[in-house]
file coords_1.pdb (PDB, C-alpha atoms)
ATOM      1  CA  GLN A 275     -45.057  -3.446  -1.481
ATOM      2  CA  VAL A 276     -44.409  -5.420   1.639
ATOM      3  CA  GLN A 277     -44.710  -3.950   5.103
ATOM      4  CA  LEU A 278     -42.791  -5.529   7.961
ATOM      5  CA  VAL A 279     -43.412  -4.939  11.652
ATOM      6  CA  GLU A 280     -40.891  -6.205  14.183
ATOM      7  CA  SER A 281     -41.324  -6.741  17.883
ATOM      8  CA  GLY A 282     -39.592  -8.408  20.801
ATOM      9  CA  GLY A 283     -36.381  -6.455  21.278
ATOM     10  CA  GLY A 284     -35.219  -5.138  24.606
ATOM     11  CA  LEU A 285     -32.641  -5.312  27.345
ATOM     12  CA  VAL A 286     -31.509  -8.700  28.626
ATOM     13  CA  GLN A 287     -28.687  -9.943  30.818
ATOM     14  CA  PRO A 288     -25.912 -12.104  29.404
ATOM     15  CA  GLY A 289     -27.078 -15.691  29.147
ATOM     16  CA  GLY A 290     -30.680 -14.634  28.766
ATOM     17  CA  SER A 291     -33.134 -15.126  25.922
ATOM     18  CA  LEU A 292     -35.308 -13.035  23.669
ATOM     19  CA  ARG A 293     -37.652 -13.831  20.818
ATOM     20  CA  LEU A 294     -38.024 -11.441  17.926
ATOM     21  CA  SER A 295     -41.080 -11.494  15.699
ATOM     22  CA  CYS A 296     -41.622 -10.065  12.251
ATOM     23  CA  ALA A 297     -45.058  -9.846  10.689
ATOM     24  CA  ALA A 298     -45.479  -9.214   6.977
ATOM     25  CA  SER A 299     -48.438  -7.565   5.280
ATOM     26  CA  GLY A 300     -49.241  -6.057   1.919
ATOM     27  CA  THR A 301     -48.264  -7.843  -1.281
ATOM     28  CA  ILE A 302     -46.890 -10.932   0.378
ATOM     29  CA  PHE A 303     -47.389 -13.634  -2.223
ATOM     30  CA  SER A 304     -44.191 -14.912  -3.809
ATOM     31  CA  ILE A 305     -42.047 -14.101  -0.767
ATOM     32  CA  ASN A 306     -39.386 -16.766  -0.924
ATOM     33  CA  THR A 307     -36.842 -15.777   1.718
ATOM     34  CA  MET A 308     -37.266 -14.239   5.158
ATOM     35  CA  GLY A 309     -34.650 -13.453   7.720
ATOM     36  CA  TRP A 310     -32.795 -11.186  10.058
ATOM     37  CA  TYR A 311     -29.785  -8.941   9.820
ATOM     38  CA  ARG A 312     -28.194  -6.949  12.609
ATOM     39  CA  GLN A 313     -26.024  -3.892  12.861
ATOM     40  CA  ALA A 314     -23.918  -2.998  15.856
ATOM     41  CA  PRO A 315     -22.540   0.523  16.381
ATOM     42  CA  GLY A 316     -19.595   1.158  14.094
ATOM     43  CA  LYS A 317     -20.019  -2.147  12.282
ATOM     44  CA  GLN A 318     -21.487  -3.251   9.000
ATOM     45  CA  ARG A 319     -24.882  -4.875   8.811
ATOM     46  CA  GLU A 320     -24.500  -8.649   8.906
ATOM     47  CA  LEU A 321     -26.747 -11.596   8.194
ATOM     48  CA  VAL A 322     -27.909 -13.378  11.331
ATOM     49  CA  ALA A 323     -30.257 -16.023   9.952
ATOM     50  CA  ARG A 324     -32.587 -16.660   7.065
ATOM     51  CA  ILE A 325     -35.211 -19.179   6.106
ATOM     52  CA  THR A 326     -36.792 -20.021   2.804
ATOM     53  CA  ARG A 327     -40.371 -21.029   2.061
ATOM     54  CA  GLY A 328     -39.030 -24.529   1.807
ATOM     55  CA  SER A 329     -37.740 -24.215   5.394
ATOM     56  CA  SER A 330     -34.079 -24.251   4.440
ATOM     57  CA  THR A 331     -32.111 -22.217   6.986
ATOM     58  CA  ASN A 332     -28.760 -20.460   7.185
ATOM     59  CA  TYR A 333     -27.067 -18.958  10.230
ATOM     60  CA  ALA A 334     -24.073 -16.780  10.904
ATOM     61  CA  ASP A 335     -21.315 -18.809  12.518
ATOM     62  CA  SER A 336     -21.435 -16.545  15.565
ATOM     63  CA  VAL A 337     -25.035 -17.529  16.391
ATOM     64  CA  LYS A 338     -25.139 -21.207  15.401
ATOM     65  CA  GLY A 339     -26.409 -23.333  18.247
ATOM     66  CA  ARG A 340     -27.823 -20.299  20.075
ATOM     67  CA  PHE A 341     -30.331 -18.744  17.679
ATOM     68  CA  THR A 342     -33.191 -20.437  15.855
ATOM     69  CA  ILE A 343     -35.220 -18.980  13.017
ATOM     70  CA  SER A 344     -38.694 -20.291  12.314
ATOM     71  CA  ALA A 345     -41.670 -19.311  10.229
ATOM     72  CA  ASP A 346     -45.423 -19.489  10.524
ATOM     73  CA  ASN A 347     -46.335 -19.206   6.867
ATOM     74  CA  ALA A 348     -50.058 -19.174   7.611
ATOM     75  CA  LYS A 349     -49.579 -16.005   9.671
ATOM     76  CA  ASN A 350     -46.857 -14.548   7.436
ATOM     77  CA  THR A 351     -44.785 -14.175  10.551
ATOM     78  CA  TRP A 352     -41.376 -15.439  11.391
ATOM     79  CA  TYR A 353     -39.384 -15.560  14.557
ATOM     80  CA  LEU A 354     -35.851 -15.429  15.828
ATOM     81  CA  GLN A 355     -35.399 -17.244  19.114
ATOM     82  CA  MET A 356     -32.194 -16.023  20.702
ATOM     83  CA  ASN A 357     -30.732 -17.984  23.597
ATOM     84  CA  SER A 358     -27.492 -17.688  25.549
ATOM     85  CA  LEU A 359     -27.219 -14.067  24.544
ATOM     86  CA  GLU A 360     -23.844 -12.387  24.764
ATOM     87  CA  PRO A 361     -22.895  -8.710  24.939
ATOM     88  CA  GLU A 362     -21.559  -9.099  21.394
ATOM     89  CA  ASP A 363     -25.128  -9.736  20.237
ATOM     90  CA  THR A 364     -26.048  -6.148  21.073
ATOM     91  CA  ALA A 365     -27.280  -4.523  17.876
ATOM     92  CA  VAL A 366     -30.289  -3.271  15.987
ATOM     93  CA  TYR A 367     -31.960  -6.272  14.425
ATOM     94  CA  TYR A 368     -33.749  -5.881  11.099
ATOM     95  CA  CYS A 369     -36.089  -8.364   9.526
ATOM     96  CA  TYR A 370     -36.223  -8.593   5.777
ATOM     97  CA  VAL A 371     -37.888 -10.494   2.975
ATOM     98  CA  VAL A 372     -37.028 -11.168  -0.615
ATOM     99  CA  ARG A 373     -39.918 -11.086  -3.030
ATOM    100  CA  LEU A 374     -39.444 -11.451  -6.755
ATOM    101  CA  GLY A 375     -35.866 -10.249  -6.491
ATOM    102  CA  SER A 376     -36.592  -7.200  -4.320
ATOM    103  CA  ASP A 377     -35.668  -6.728  -0.673
ATOM    104  CA  PHE A 378     -38.009  -5.226   1.897
ATOM    105  CA  TRP A 379     -36.916  -4.230   5.379
ATOM    106  CA  GLY A 380     -38.430  -3.646   8.777
ATOM    107  CA  GLN A 381     -37.698  -0.591  10.881
ATOM    108  CA  GLY A 382     -35.353  -2.407  13.231
ATOM    109  CA  THR A 383     -35.570  -3.345  16.880
ATOM    110  CA  GLN A 384     -32.877  -2.780  19.480
ATOM    111  CA  VAL A 385     -31.427  -5.733  21.350
ATOM    112  CA  THR A 386     -29.114  -4.875  24.220
ATOM    113  CA  VAL A 387     -27.296  -7.544  26.193
ATOM    114  CA  SER A 388     -25.824  -6.105  29.350
ATOM    115  CA  SER A 389     -25.592  -6.756  33.045
TER
END

call {"tool": "encode", "arguments": {"input": "coords_1.pdb", "output": "structure tokens"}}
result
Amino acid sequence: QVQLVESGGGLVQPGGSLRLSCAASGTIFSINTMGWYRQAPGKQRELVARITRGSSTNYADSVKGRFTISADNAKNTWYLQMNSLEPEDTAVYYCYVVRLGSDFWGQGTQVTVSS
């Protein structure tokens, strides 16, 4: 099993920045993909960004140029730097990993963008 602990959510004004962190523990060898999804009220969960062990990244079109995903493999922690935040970014953000074909999820952290 893999345990994921997220941190860094909160309330921020439009145009502001936040950095989310996700730390993995447990059976963490063979994790090959790490990333973030989000779910806004009344909407489906959507992929925000993901990164592989080989540092290949993918982003949702809505966050390209504003969000950056990075990983510290030595610490089994990865980050989502979110800049130029918009009210539409308001959602619960979930980190996840893929290990040997199975998904593991964090508990979610609330990000609210509002003036």

call {"tool": "resolve_selection", "arguments": {"input": "coords_1.pdb", "expression": "the PyMOL selection byres ((chain A and resi 364-376) around 8)", "output": "VMD selection string"}}
result
chain A and resid 278 280 296 302 to 315 360 to 363 377 to 387

call {"tool": "residues_near_point", "arguments": {"input": "coords_1.pdb", "point": "(-34.2, -10.8, 27.1)", "cutoff": "10 Å", "atoms": "all atoms listed in the file", "output": "PyMOL selection string"}}
result
chain A and resi 282-294+356-359+385-388

call {"tool": "atom_distance", "arguments": {"input": "coords_1.pdb", "atom1": "atom CA of Ile325 of chain A", "atom2": "atom CA of Trp352 of chain A"}}
result
8.9 Å

call {"tool": "closest_residue", "arguments": {"input": "coords_1.pdb", "among": "A:Ala345, A:Asn350, A:Leu321, A:Ser389", "to": "Val279 of chain A", "atoms": "all atoms listed in the file"}}
result
A:Asn350

call {"tool": "closest_residue", "arguments": {"input": "coords_1.pdb", "among": "A:Gln277, A:Gly339, A:Ala334, A:Leu354", "to": "Ala298 of chain A", "atoms": "all atoms listed in the file"}}
result
A:Gln277

call {"tool": "atom_distance", "arguments": {"input": "coords_1.pdb", "atom1": "atom CA of Ser295 of chain A", "atom2": "atom CA of Ser344 of chain A"}}
result
9.7 Å

call {"tool": "resolve_selection", "arguments": {"input": "coords_1.pdb", "expression": "the PyMOL selection byres ((chain A and resi 275) around 7)", "output": "list of chain:residue names"}}
result
A:Val276, A:Gln277, A:Gly300, A:Thr301

call {"tool": "write_last_selection", "arguments": {"input": "coords_1.pdb", "atoms": "C-alpha atoms", "output": "tab-separated table (two decimals), keeping the file's coordinate frame"}}
result
chain	number	residue	atom	x	y	z
A	276	VAL	CA	-44.41	-5.42	1.64
A	277	GLN	CA	-44.71	-3.95	5.10
A	300	GLY	CA	-49.24	-6.06	1.92
A	301	THR	CA	-48.26	-7.84	-1.28
